[in-house]
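Chemist: Following this line is final15.txt, made up of compact mmCIF, N, CA and C atoms:
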# COMPACT_ATOMS: atom_id res chain seq x y z
N GLN A 978 0.84 -1.18 0.00
CA GLN A 978 0.00 0.00 0.00
C GLN A 978 0.88 1.25 0.00
N VAL A 979 0.62 2.12 -0.96
CA VAL A 979 1.39 3.35 -1.06
C VAL A 979 0.94 4.32 0.02
N GLN A 980 1.89 4.86 0.73
CA GLN A 980 1.55 5.72 1.84
C GLN A 980 2.66 6.72 2.12
N LEU A 981 2.26 7.92 2.47
CA LEU A 981 3.18 8.92 3.01
C LEU A 981 2.69 9.24 4.41
N VAL A 982 3.59 9.18 5.36
CA VAL A 982 3.20 9.44 6.74
C VAL A 982 4.10 10.52 7.32
N GLU A 983 3.48 11.61 7.72
CA GLU A 983 4.22 12.70 8.33
C GLU A 983 4.25 12.53 9.84
N SER A 984 5.31 13.05 10.43
CA SER A 984 5.42 13.05 11.89
C SER A 984 6.31 14.22 12.29
N GLY A 985 6.31 14.51 13.58
CA GLY A 985 7.19 15.54 14.10
C GLY A 985 6.53 16.86 14.39
N GLY A 986 5.27 16.98 14.05
CA GLY A 986 4.57 18.22 14.36
C GLY A 986 4.37 18.39 15.85
N GLY A 987 3.92 19.58 16.22
CA GLY A 987 3.67 19.84 17.63
C GLY A 987 3.55 21.32 17.89
N SER A 988 3.62 21.66 19.15
CA SER A 988 3.52 23.06 19.56
C SER A 988 4.88 23.55 19.98
N VAL A 989 5.19 24.77 19.57
CA VAL A 989 6.50 25.34 19.87
C VAL A 989 6.34 26.85 20.01
N GLN A 990 7.20 27.44 20.76
CA GLN A 990 7.18 28.89 20.90
C GLN A 990 7.87 29.56 19.71
N ALA A 991 7.47 30.76 19.45
CA ALA A 991 8.08 31.52 18.37
C ALA A 991 9.59 31.60 18.59
N GLY A 992 10.31 31.41 17.49
CA GLY A 992 11.76 31.38 17.56
C GLY A 992 12.33 29.99 17.70
N GLY A 993 11.46 29.04 17.98
CA GLY A 993 11.90 27.67 18.18
C GLY A 993 12.05 26.90 16.89
N SER A 994 12.31 25.60 17.04
CA SER A 994 12.56 24.74 15.89
C SER A 994 11.75 23.46 15.99
N LEU A 995 11.48 22.90 14.85
CA LEU A 995 10.85 21.58 14.76
C LEU A 995 11.41 20.89 13.53
N LYS A 996 11.43 19.57 13.58
CA LYS A 996 11.84 18.80 12.41
C LYS A 996 10.73 17.83 12.06
N LEU A 997 10.20 17.99 10.87
CA LEU A 997 9.16 17.10 10.39
C LEU A 997 9.77 15.97 9.56
N SER A 998 9.13 14.84 9.60
CA SER A 998 9.56 13.70 8.79
C SER A 998 8.41 13.24 7.91
N CYS A 999 8.75 12.73 6.76
CA CYS A 999 7.77 12.16 5.84
C CYS A 999 8.32 10.82 5.35
N SER A 1000 7.72 9.76 5.83
CA SER A 1000 8.18 8.42 5.47
C SER A 1000 7.29 7.84 4.38
N ALA A 1001 7.92 7.38 3.32
CA ALA A 1001 7.18 6.77 2.21
C ALA A 1001 7.23 5.25 2.34
N SER A 1002 6.12 4.64 2.08
CA SER A 1002 6.06 3.17 2.06
C SER A 1002 5.26 2.73 0.84
N GLY A 1003 5.60 1.56 0.34
CA GLY A 1003 4.90 1.04 -0.83
C GLY A 1003 5.49 1.52 -2.14
N PHE A 1004 6.43 2.44 -2.06
CA PHE A 1004 7.13 2.90 -3.25
C PHE A 1004 8.40 3.60 -2.82
N SER A 1005 9.32 3.75 -3.76
CA SER A 1005 10.56 4.49 -3.51
C SER A 1005 10.50 5.78 -4.28
N PHE A 1006 10.57 6.89 -3.55
CA PHE A 1006 10.44 8.16 -4.25
C PHE A 1006 11.66 8.42 -5.14
N LYS A 1007 12.75 7.78 -4.86
CA LYS A 1007 13.95 8.00 -5.69
C LYS A 1007 13.85 7.21 -6.99
N THR A 1008 13.50 5.94 -6.90
CA THR A 1008 13.47 5.11 -8.11
C THR A 1008 12.26 5.42 -8.98
N LYS A 1009 11.22 5.98 -8.38
CA LYS A 1009 10.05 6.40 -9.17
C LYS A 1009 10.20 7.84 -9.67
N PHE A 1010 11.35 8.45 -9.38
CA PHE A 1010 11.59 9.82 -9.83
C PHE A 1010 10.45 10.75 -9.40
N CYS A 1011 10.32 10.84 -8.09
CA CYS A 1011 9.29 11.70 -7.53
C CYS A 1011 9.92 12.97 -6.97
N ALA A 1012 9.32 14.08 -7.29
CA ALA A 1012 9.66 15.31 -6.59
C ALA A 1012 8.93 15.28 -5.26
N MET A 1013 9.64 15.57 -4.20
CA MET A 1013 9.05 15.54 -2.87
C MET A 1013 8.80 16.97 -2.40
N MET A 1014 7.63 17.18 -1.86
CA MET A 1014 7.24 18.52 -1.52
C MET A 1014 6.64 18.57 -0.12
N TRP A 1015 6.76 19.72 0.48
CA TRP A 1015 6.04 20.04 1.71
C TRP A 1015 5.11 21.21 1.40
N TYR A 1016 3.86 21.00 1.69
CA TYR A 1016 2.86 22.06 1.61
C TYR A 1016 2.36 22.35 3.03
N ARG A 1017 1.69 23.46 3.16
CA ARG A 1017 1.03 23.74 4.43
C ARG A 1017 -0.29 24.48 4.17
N GLN A 1018 -1.17 24.32 5.11
CA GLN A 1018 -2.46 25.00 5.00
C GLN A 1018 -2.88 25.47 6.38
N ALA A 1019 -3.08 26.76 6.46
CA ALA A 1019 -3.56 27.36 7.70
C ALA A 1019 -5.08 27.52 7.61
N PRO A 1020 -5.76 27.56 8.72
CA PRO A 1020 -7.22 27.72 8.69
C PRO A 1020 -7.64 28.95 7.89
N GLY A 1021 -8.58 28.74 6.98
CA GLY A 1021 -9.08 29.84 6.18
C GLY A 1021 -8.18 30.27 5.05
N LYS A 1022 -7.09 29.57 4.86
CA LYS A 1022 -6.15 29.94 3.79
C LYS A 1022 -5.98 28.78 2.82
N GLU A 1023 -5.49 29.13 1.64
CA GLU A 1023 -5.24 28.10 0.65
C GLU A 1023 -3.96 27.34 0.99
N ARG A 1024 -3.91 26.11 0.49
CA ARG A 1024 -2.71 25.32 0.68
C ARG A 1024 -1.58 25.96 -0.12
N GLU A 1025 -0.41 26.09 0.49
CA GLU A 1025 0.70 26.72 -0.19
C GLU A 1025 1.92 25.81 -0.19
N LEU A 1026 2.70 25.91 -1.24
CA LEU A 1026 3.93 25.14 -1.34
C LEU A 1026 4.98 25.78 -0.43
N VAL A 1027 5.54 24.97 0.42
CA VAL A 1027 6.60 25.44 1.33
C VAL A 1027 7.96 25.23 0.69
N VAL A 1028 8.18 24.00 0.23
CA VAL A 1028 9.47 23.66 -0.33
C VAL A 1028 9.33 22.42 -1.20
N SER A 1029 10.15 22.34 -2.23
CA SER A 1029 10.19 21.13 -3.04
C SER A 1029 11.63 20.66 -3.19
N LEU A 1030 11.75 19.34 -3.23
CA LEU A 1030 13.03 18.69 -3.52
C LEU A 1030 12.82 17.96 -4.84
N ASN A 1031 13.46 18.47 -5.88
CA ASN A 1031 13.22 17.94 -7.21
C ASN A 1031 14.04 16.70 -7.48
N THR A 1032 13.73 16.03 -8.57
CA THR A 1032 14.39 14.77 -8.88
C THR A 1032 15.87 14.95 -9.18
N ASP A 1033 16.27 16.16 -9.55
CA ASP A 1033 17.70 16.41 -9.80
C ASP A 1033 18.37 17.00 -8.55
N ASP A 1034 17.68 16.88 -7.44
CA ASP A 1034 18.17 17.33 -6.12
C ASP A 1034 18.23 18.85 -5.96
N THR A 1035 17.67 19.57 -6.91
CA THR A 1035 17.55 21.02 -6.70
C THR A 1035 16.37 21.25 -5.78
N THR A 1036 16.35 22.41 -5.17
CA THR A 1036 15.29 22.73 -4.22
C THR A 1036 14.66 24.07 -4.57
N PHE A 1037 13.42 24.19 -4.15
CA PHE A 1037 12.73 25.47 -4.27
C PHE A 1037 12.10 25.77 -2.92
N TYR A 1038 12.33 26.97 -2.43
CA TYR A 1038 11.75 27.38 -1.15
C TYR A 1038 10.80 28.55 -1.38
N GLY A 1039 9.68 28.49 -0.72
CA GLY A 1039 8.78 29.63 -0.74
C GLY A 1039 9.44 30.82 -0.06
N ASP A 1040 9.10 32.01 -0.49
CA ASP A 1040 9.73 33.22 0.04
C ASP A 1040 9.58 33.33 1.55
N SER A 1041 8.46 32.88 2.05
CA SER A 1041 8.19 33.06 3.48
C SER A 1041 9.06 32.17 4.38
N VAL A 1042 9.72 31.16 3.79
CA VAL A 1042 10.50 30.24 4.63
C VAL A 1042 11.97 30.22 4.26
N LYS A 1043 12.35 30.95 3.25
CA LYS A 1043 13.76 30.96 2.82
C LYS A 1043 14.67 31.36 3.96
N GLY A 1044 15.73 30.60 4.12
CA GLY A 1044 16.68 30.90 5.17
C GLY A 1044 16.31 30.35 6.53
N ARG A 1045 15.09 29.85 6.65
CA ARG A 1045 14.64 29.33 7.95
C ARG A 1045 14.35 27.83 7.90
N PHE A 1046 13.90 27.34 6.76
CA PHE A 1046 13.53 25.93 6.60
C PHE A 1046 14.53 25.25 5.67
N THR A 1047 14.74 23.97 5.91
CA THR A 1047 15.64 23.18 5.06
C THR A 1047 15.03 21.81 4.80
N ILE A 1048 14.98 21.43 3.54
CA ILE A 1048 14.50 20.10 3.19
C ILE A 1048 15.70 19.19 2.96
N SER A 1049 15.56 17.94 3.37
CA SER A 1049 16.61 16.96 3.15
C SER A 1049 15.96 15.59 2.99
N SER A 1050 16.75 14.64 2.56
CA SER A 1050 16.20 13.30 2.39
C SER A 1050 17.22 12.24 2.78
N ASP A 1051 16.70 11.12 3.18
CA ASP A 1051 17.51 9.92 3.43
C ASP A 1051 16.94 8.84 2.53
N ASN A 1052 17.58 8.64 1.40
CA ASN A 1052 17.03 7.71 0.42
C ASN A 1052 16.98 6.28 0.95
N ALA A 1053 17.94 5.92 1.77
CA ALA A 1053 17.95 4.57 2.33
C ALA A 1053 16.74 4.34 3.21
N LYS A 1054 16.28 5.40 3.87
CA LYS A 1054 15.10 5.28 4.73
C LYS A 1054 13.83 5.69 4.01
N ASN A 1055 13.98 6.12 2.76
CA ASN A 1055 12.80 6.55 1.99
C ASN A 1055 12.03 7.63 2.75
N THR A 1056 12.78 8.55 3.30
CA THR A 1056 12.20 9.57 4.17
C THR A 1056 12.72 10.95 3.78
N VAL A 1057 11.83 11.90 3.84
CA VAL A 1057 12.17 13.30 3.59
C VAL A 1057 11.93 14.06 4.88
N TYR A 1058 12.77 15.05 5.12
CA TYR A 1058 12.68 15.83 6.35
C TYR A 1058 12.48 17.30 6.03
N LEU A 1059 11.88 17.98 6.97
CA LEU A 1059 11.77 19.43 6.88
C LEU A 1059 12.24 20.00 8.22
N GLN A 1060 13.41 20.59 8.22
CA GLN A 1060 13.93 21.24 9.41
C GLN A 1060 13.44 22.68 9.41
N MET A 1061 12.72 23.04 10.44
CA MET A 1061 12.14 24.37 10.52
C MET A 1061 12.76 25.12 11.69
N GLY A 1062 13.29 26.28 11.41
CA GLY A 1062 13.90 27.09 12.46
C GLY A 1062 13.34 28.49 12.46
N SER A 1063 13.65 29.22 13.53
CA SER A 1063 13.16 30.60 13.68
C SER A 1063 11.67 30.68 13.39
N LEU A 1064 10.95 29.76 13.98
CA LEU A 1064 9.52 29.66 13.68
C LEU A 1064 8.77 30.91 14.10
N LYS A 1065 7.79 31.25 13.28
CA LYS A 1065 6.95 32.42 13.51
C LYS A 1065 5.52 31.96 13.71
N ILE A 1066 4.74 32.81 14.34
CA ILE A 1066 3.35 32.47 14.57
C ILE A 1066 2.65 32.17 13.24
N GLU A 1067 3.02 32.89 12.21
CA GLU A 1067 2.39 32.68 10.91
C GLU A 1067 2.80 31.37 10.23
N ASP A 1068 3.72 30.64 10.83
CA ASP A 1068 4.05 29.31 10.32
C ASP A 1068 3.05 28.25 10.81
N THR A 1069 2.18 28.65 11.69
CA THR A 1069 1.16 27.73 12.20
C THR A 1069 0.28 27.25 11.06
N ALA A 1070 0.23 25.94 10.90
CA ALA A 1070 -0.53 25.34 9.80
C ALA A 1070 -0.45 23.82 9.93
N ARG A 1071 -1.22 23.16 9.10
CA ARG A 1071 -1.07 21.72 8.95
C ARG A 1071 -0.12 21.51 7.78
N TYR A 1072 0.91 20.73 8.01
CA TYR A 1072 1.95 20.52 7.01
C TYR A 1072 1.75 19.15 6.35
N TYR A 1073 1.77 19.17 5.03
CA TYR A 1073 1.54 17.97 4.25
C TYR A 1073 2.76 17.63 3.40
N CYS A 1074 3.05 16.36 3.35
CA CYS A 1074 4.08 15.85 2.47
C CYS A 1074 3.41 15.35 1.19
N ALA A 1075 4.05 15.57 0.05
CA ALA A 1075 3.49 15.11 -1.21
C ALA A 1075 4.61 14.60 -2.10
N ALA A 1076 4.27 13.63 -2.91
CA ALA A 1076 5.19 13.09 -3.91
C ALA A 1076 4.55 13.22 -5.27
N PHE A 1077 5.21 13.91 -6.17
CA PHE A 1077 4.72 14.04 -7.55
C PHE A 1077 5.71 13.26 -8.43
N CYS A 1078 5.22 12.17 -8.99
CA CYS A 1078 6.13 11.21 -9.62
C CYS A 1078 6.10 11.30 -11.13
N LEU A 1079 7.16 10.76 -11.74
CA LEU A 1079 7.33 10.84 -13.18
C LEU A 1079 6.20 10.14 -13.93
N ASP A 1080 5.61 9.12 -13.31
CA ASP A 1080 4.52 8.40 -13.98
C ASP A 1080 3.17 9.09 -13.78
N ASP A 1081 3.23 10.37 -13.39
CA ASP A 1081 2.02 11.19 -13.19
C ASP A 1081 1.18 10.77 -12.00
N LYS A 1082 1.72 9.92 -11.15
CA LYS A 1082 0.99 9.58 -9.93
C LYS A 1082 1.46 10.49 -8.81
N ASN A 1083 0.50 11.00 -8.08
CA ASN A 1083 0.78 11.89 -6.98
C ASN A 1083 0.27 11.28 -5.69
N TYR A 1084 1.03 11.47 -4.64
CA TYR A 1084 0.65 10.91 -3.35
C TYR A 1084 0.72 12.01 -2.29
N TRP A 1085 -0.20 11.93 -1.36
CA TRP A 1085 -0.26 12.92 -0.27
C TRP A 1085 -0.35 12.20 1.06
N GLY A 1086 0.27 12.82 2.05
CA GLY A 1086 0.11 12.34 3.41
C GLY A 1086 -1.09 12.99 4.06
N GLN A 1087 -1.35 12.58 5.28
CA GLN A 1087 -2.50 13.11 6.02
C GLN A 1087 -2.19 14.42 6.73
N GLY A 1088 -0.92 14.74 6.82
CA GLY A 1088 -0.55 16.01 7.43
C GLY A 1088 -0.19 15.89 8.90
N THR A 1089 0.57 16.88 9.34
CA THR A 1089 0.91 16.97 10.76
C THR A 1089 0.80 18.44 11.17
N GLN A 1090 0.23 18.66 12.34
CA GLN A 1090 -0.07 20.02 12.77
C GLN A 1090 1.15 20.66 13.43
N VAL A 1091 1.41 21.89 13.03
CA VAL A 1091 2.46 22.70 13.66
C VAL A 1091 1.80 23.96 14.21
N THR A 1092 1.97 24.19 15.48
CA THR A 1092 1.40 25.36 16.12
C THR A 1092 2.51 26.16 16.78
N VAL A 1093 2.62 27.41 16.38
CA VAL A 1093 3.64 28.29 16.94
C VAL A 1093 2.96 29.37 17.76
N SER A 1094 3.38 29.50 18.99
CA SER A 1094 2.75 30.47 19.90
C SER A 1094 3.78 31.50 20.35
N SER A 1095 3.23 32.60 20.84
CA SER A 1095 4.13 33.69 21.28
C SER A 1095 4.60 33.47 22.70
How does this structure look as structure tokens?
Modeler:
Amino acid sequence: QVQLVESGGGSVQAGGSLKLSCSASGFSFKTKFCAMMWYRQAPGKERELVVSLNTDDTTFYGDSVKGRFTISSDNAKNTVYLQMGSLKIEDTARYYCAAFCLDDKNYWGQGTQVTVSS
């Protein structure tokens, strides 16, 4: 069964850090040539792309997280990470992992909640 499972969310004070994980099962995002992405959605707002890790290992960061968030992967563990630092209240959202693969199949996780308080 193909699955993406996020973990690592929680509550943190502004200025703090969190590291999210996205574990893929049922497929290998590397051998399927999947771009791995983190999206987030805050209440009342549209889902926005936070960061992408492309198949050629290039990355794209949204302007709001540049310099604060870092995406990485462990291909052996079939896991992608999102290291978040200098968190702001406006980073509060549900964070989703997604895989967009070369065979046009897309996969989404259920999300993990990140809450940043003052």
Chemist: May I have the residues within 6 Å of Glu983 of chain A as a tab-separated table (two decimals) with N, CA and C atoms, in the coordinates of the input, using only N, CA and C atoms and disregarding those fewer than 6 positions away in the same chain?
Modeler:
chain	number	residue	atom	x	y	z
A	998	SER	N	9.13	14.84	9.60
A	998	SER	CA	9.56	13.70	8.79
A	998	SER	C	8.41	13.24	7.91
A	999	CYS	N	8.75	12.73	6.76
A	999	CYS	CA	7.77	12.16	5.84
A	999	CYS	C	8.32	10.82	5.35
A	1000	SER	N	7.72	9.76	5.83
A	1000	SER	CA	8.18	8.42	5.47
A	1000	SER	C	7.29	7.84	4.38
A	1086	GLY	N	0.27	12.82	2.05
A	1086	GLY	CA	0.11	12.34	3.41
A	1086	GLY	C	-1.09	12.99	4.06
A	1087	GLN	N	-1.35	12.58	5.28
A	1087	GLN	CA	-2.50	13.11	6.02
A	1087	GLN	C	-2.19	14.42	6.73
A	1088	GLY	N	-0.92	14.74	6.82
A	1088	GLY	CA	-0.55	16.01	7.43
A	1088	GLY	C	-0.19	15.89	8.90
A	1089	THR	N	0.57	16.88	9.34
A	1089	THR	CA	0.91	16.97	10.76
A	1089	THR	C	0.80	18.44	11.17
Chemist: Here is a test: counting only N, CA and C atoms, which residue of A:Tyr1038, A:Phe1077, A:Trp1085, A:Phe1046 is nearest to Ser1063 of chain A?
Modeler: A:Phe1046
Chemist: Find the residue from A:Thr1008, A:Gln1060, A:Thr1069, A:Asn1083 that sits nearest to Leu995 of chain A; use all atoms listed in the file when measuring.
Modeler: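 Once distances to Leu995 of chain A are computed over all atoms listed in the file, the minimum belongs to A:Gln1060.
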Chemist: Just the number, please: distance in Å from atom CA of Lys1009 of chain A to atom N of Val1027 of chain A, one decimal.
Modeler: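 Taking atom CA of Lys1009 of chain A as the start and atom N of Val1027 of chain A as the end point, the length is 21.4 Å.
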Chemist: Using all atoms listed in the file, which residue out of A:Ser1050, A:Ser984, A:Ser1094, A:Gly1044 lies closest to Gly1062 of chain A?
Modeler: A:Gly1044
Chemist: In terms of the shortest atom-to-atom distance over only N, CA and C atoms, which of A:Ser1041, A:Ser1005, A:Gln990, A:Thr1035 is closest to Ile1066 of chain A?
Modeler: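 Among the listed residues, A:Gln990 lies closest to Ile1066 of chain A.
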